[in-house]
>>> print(open('query26.cif').read())   # mmCIF, C-alpha atoms
data_upload
#
loop_
_atom_site.group_PDB
_atom_site.id
_atom_site.type_symbol
_atom_site.label_atom_id
_atom_site.label_comp_id
_atom_site.auth_asym_id
_atom_site.auth_seq_id
_atom_site.Cartn_x
_atom_site.Cartn_y
_atom_site.Cartn_z
ATOM 1 C CA MET S 283 1.291 -6.336 14.661
ATOM 2 C CA ARG S 284 2.503 -4.191 11.731
ATOM 3 C CA CYS S 285 -0.471 -5.213 9.611
ATOM 4 C CA LEU S 286 -2.842 -4.314 12.434
ATOM 5 C CA VAL S 287 -1.301 -0.851 12.715
ATOM 6 C CA LEU S 288 -1.475 -0.437 8.932
ATOM 7 C CA THR S 289 -5.128 -1.479 8.978
ATOM 8 C CA ALA S 290 -5.995 1.005 11.719
ATOM 9 C CA VAL S 291 -4.237 3.902 9.993
ATOM 10 C CA VAL S 292 -5.730 3.186 6.568
ATOM 11 C CA ALA S 293 -9.179 2.658 8.058
ATOM 12 C CA GLY S 294 -8.876 6.010 9.805
ATOM 13 C CA LEU S 295 -7.879 7.686 6.548
ATOM 14 C CA ALA S 296 -10.777 6.032 4.735
ATOM 15 C CA ALA S 297 -13.195 7.230 7.405
ATOM 16 C CA GLN S 298 -11.841 10.788 7.294
ATOM 17 C CA ALA S 299 -12.035 10.799 3.480
ATOM 18 C CA HIS S 300 -15.637 9.527 3.655
ATOM 19 C CA VAL S 301 -14.838 6.504 1.506
ATOM 20 C CA GLU S 302 -18.118 4.606 1.502
ATOM 21 C CA SER S 303 -17.861 2.190 -1.419
ATOM 22 C CA TRP S 304 -15.494 -0.598 -2.332
ATOM 23 C CA ALA S 305 -14.587 1.276 -5.544
ATOM 24 C CA GLY S 306 -13.590 4.328 -3.514
ATOM 25 C CA GLY S 307 -11.604 2.046 -1.248
ATOM 26 C CA LEU S 308 -9.743 0.583 -4.188
ATOM 27 C CA VAL S 309 -8.865 4.049 -5.461
ATOM 28 C CA LEU S 310 -7.667 5.113 -2.000
ATOM 29 C CA GLY S 311 -5.586 1.942 -1.698
ATOM 30 C CA LEU S 312 -3.992 2.480 -5.100
ATOM 31 C CA VAL S 313 -3.177 6.116 -4.333
ATOM 32 C CA LEU S 314 -1.664 5.201 -0.967
ATOM 33 C CA TRP S 315 0.328 2.406 -2.607
ATOM 34 C CA ILE S 316 1.811 4.718 -5.229
ATOM 35 C CA GLY S 317 2.449 7.438 -2.682
ATOM 36 C CA PHE S 318 4.304 5.340 -0.148
ATOM 37 C CA PRO S 319 5.563 1.774 -0.822
ATOM 38 C CA VAL S 320 6.250 2.279 -4.538
ATOM 39 C CA VAL S 321 8.201 5.476 -3.918
ATOM 40 C CA LEU S 322 10.220 3.810 -1.146
ATOM 41 C CA TRP S 323 11.022 0.737 -3.239
ATOM 42 C CA ILE S 324 12.046 2.820 -6.250
ATOM 43 C CA GLY S 325 14.452 4.641 -3.959
ATOM 44 C CA ALA S 326 15.817 1.344 -2.688
ATOM 45 C CA VAL S 327 16.395 0.078 -6.227
ATOM 46 C CA VAL S 328 18.023 3.298 -7.442
ATOM 47 C CA HIS S 329 20.084 4.279 -4.409
ATOM 48 C CA GLU S 330 20.706 1.052 -2.502
ATOM 49 C CA ASN S 331 21.089 -1.389 -5.408
ATOM 50 C CA THR S 332 18.170 -3.532 -4.241
ATOM 51 C CA ARG S 333 17.237 -6.036 -6.931
ATOM 52 C CA TRP S 334 14.152 -4.851 -8.812
ATOM 53 C CA ARG S 335 12.532 -8.294 -8.611
ATOM 54 C CA LEU S 336 12.720 -8.245 -4.820
ATOM 55 C CA ALA S 337 11.326 -4.702 -4.775
ATOM 56 C CA ALA S 338 8.481 -5.782 -7.082
ATOM 57 C CA ILE S 339 7.566 -8.654 -4.767
ATOM 58 C CA HIS S 340 7.444 -6.369 -1.734
ATOM 59 C CA ALA S 341 5.569 -3.647 -3.630
ATOM 60 C CA GLY S 342 3.005 -6.228 -4.780
ATOM 61 C CA ASP S 343 2.585 -7.460 -1.224
ATOM 62 C CA SER S 344 1.953 -3.897 -0.065
ATOM 63 C CA LEU S 345 -0.590 -3.363 -2.842
ATOM 64 C CA VAL S 346 -2.562 -6.455 -1.901
ATOM 65 C CA LYS S 347 -2.627 -5.471 1.786
ATOM 66 C CA LEU S 348 -3.803 -1.949 1.079
ATOM 67 C CA LEU S 349 -6.465 -3.016 -1.411
ATOM 68 C CA VAL S 350 -7.844 -5.651 0.930
ATOM 69 C CA VAL S 351 -7.976 -3.268 3.876
ATOM 70 C CA VAL S 352 -9.713 -0.401 2.089
ATOM 71 C CA SER S 353 -12.021 -2.457 -0.126
ATOM 72 C CA VAL S 354 -13.588 -4.441 2.734
ATOM 73 C CA TRP S 355 -13.874 -1.546 5.181
ATOM 74 C CA PRO S 356 -17.586 -0.866 5.749
#
>>> encode(input="query26.cif", output="structure tokens")
Amino acid sequence: MRCLVLTAVVAGLAAQAHVESWAGGLVLGLVLWIGFPVVLWIGAVVHENTRWRLAAIHAGDSLVKLLVVVSVWP
């Protein structure tokens, strides 16, 4: 269910930003990834003593999801 919500929100953002190519989708996905999951995981590593390897795994998972969603959106 979470992935479906993520897909709907990102697709809406892509539509509002008039992203019409897969390259534009990849850029949008990368920007969203840096702006949200990476920032959150850096905070978890610095302030909550989360292991950086675990944070890297989760950040990579988020990157793949975002890139797939925005690069295949028509």
>>> resolve_selection(input="query26.cif", expression="the PyMOL selection byres ((chain S and resi 351) around 9)", output="NGL selection string")
:S and (288-289 or 292-293 or 307 or 311 or 346-350 or 352-355)
>>> resolve_selection(input="query26.cif", expression="the PyMOL selection byres ((chain S and resi 320) around 12)", output="ChimeraX atom specification")
/S:312-319,321-327,334,337-345
>>> atom_distance(input="query26.cif", atom1="atom CA of Leu308 of chain S", atom2="atom CA of Ala296 of chain S")
10.5 Å
>>> axis_aligned_box(input="query26.cif", around="segment 316-321 of chain S", padding_each_side="5 Å", output="AutoDock Vina command-line options")
--center_x 5.0 --center_y 4.6 --center_z -2.7 --size_x 16.4 --size_y 15.7 --size_z 15.1
>>> atom_distance(input="query26.cif", atom1="atom CA of Gly306 of chain S", atom2="atom CA of Val291 of chain S")
16.4 Å
>>> atom_distance(input="query26.cif", atom1="atom CA of Leu286 of chain S", atom2="atom CA of Ser303 of chain S")
21.4 Å
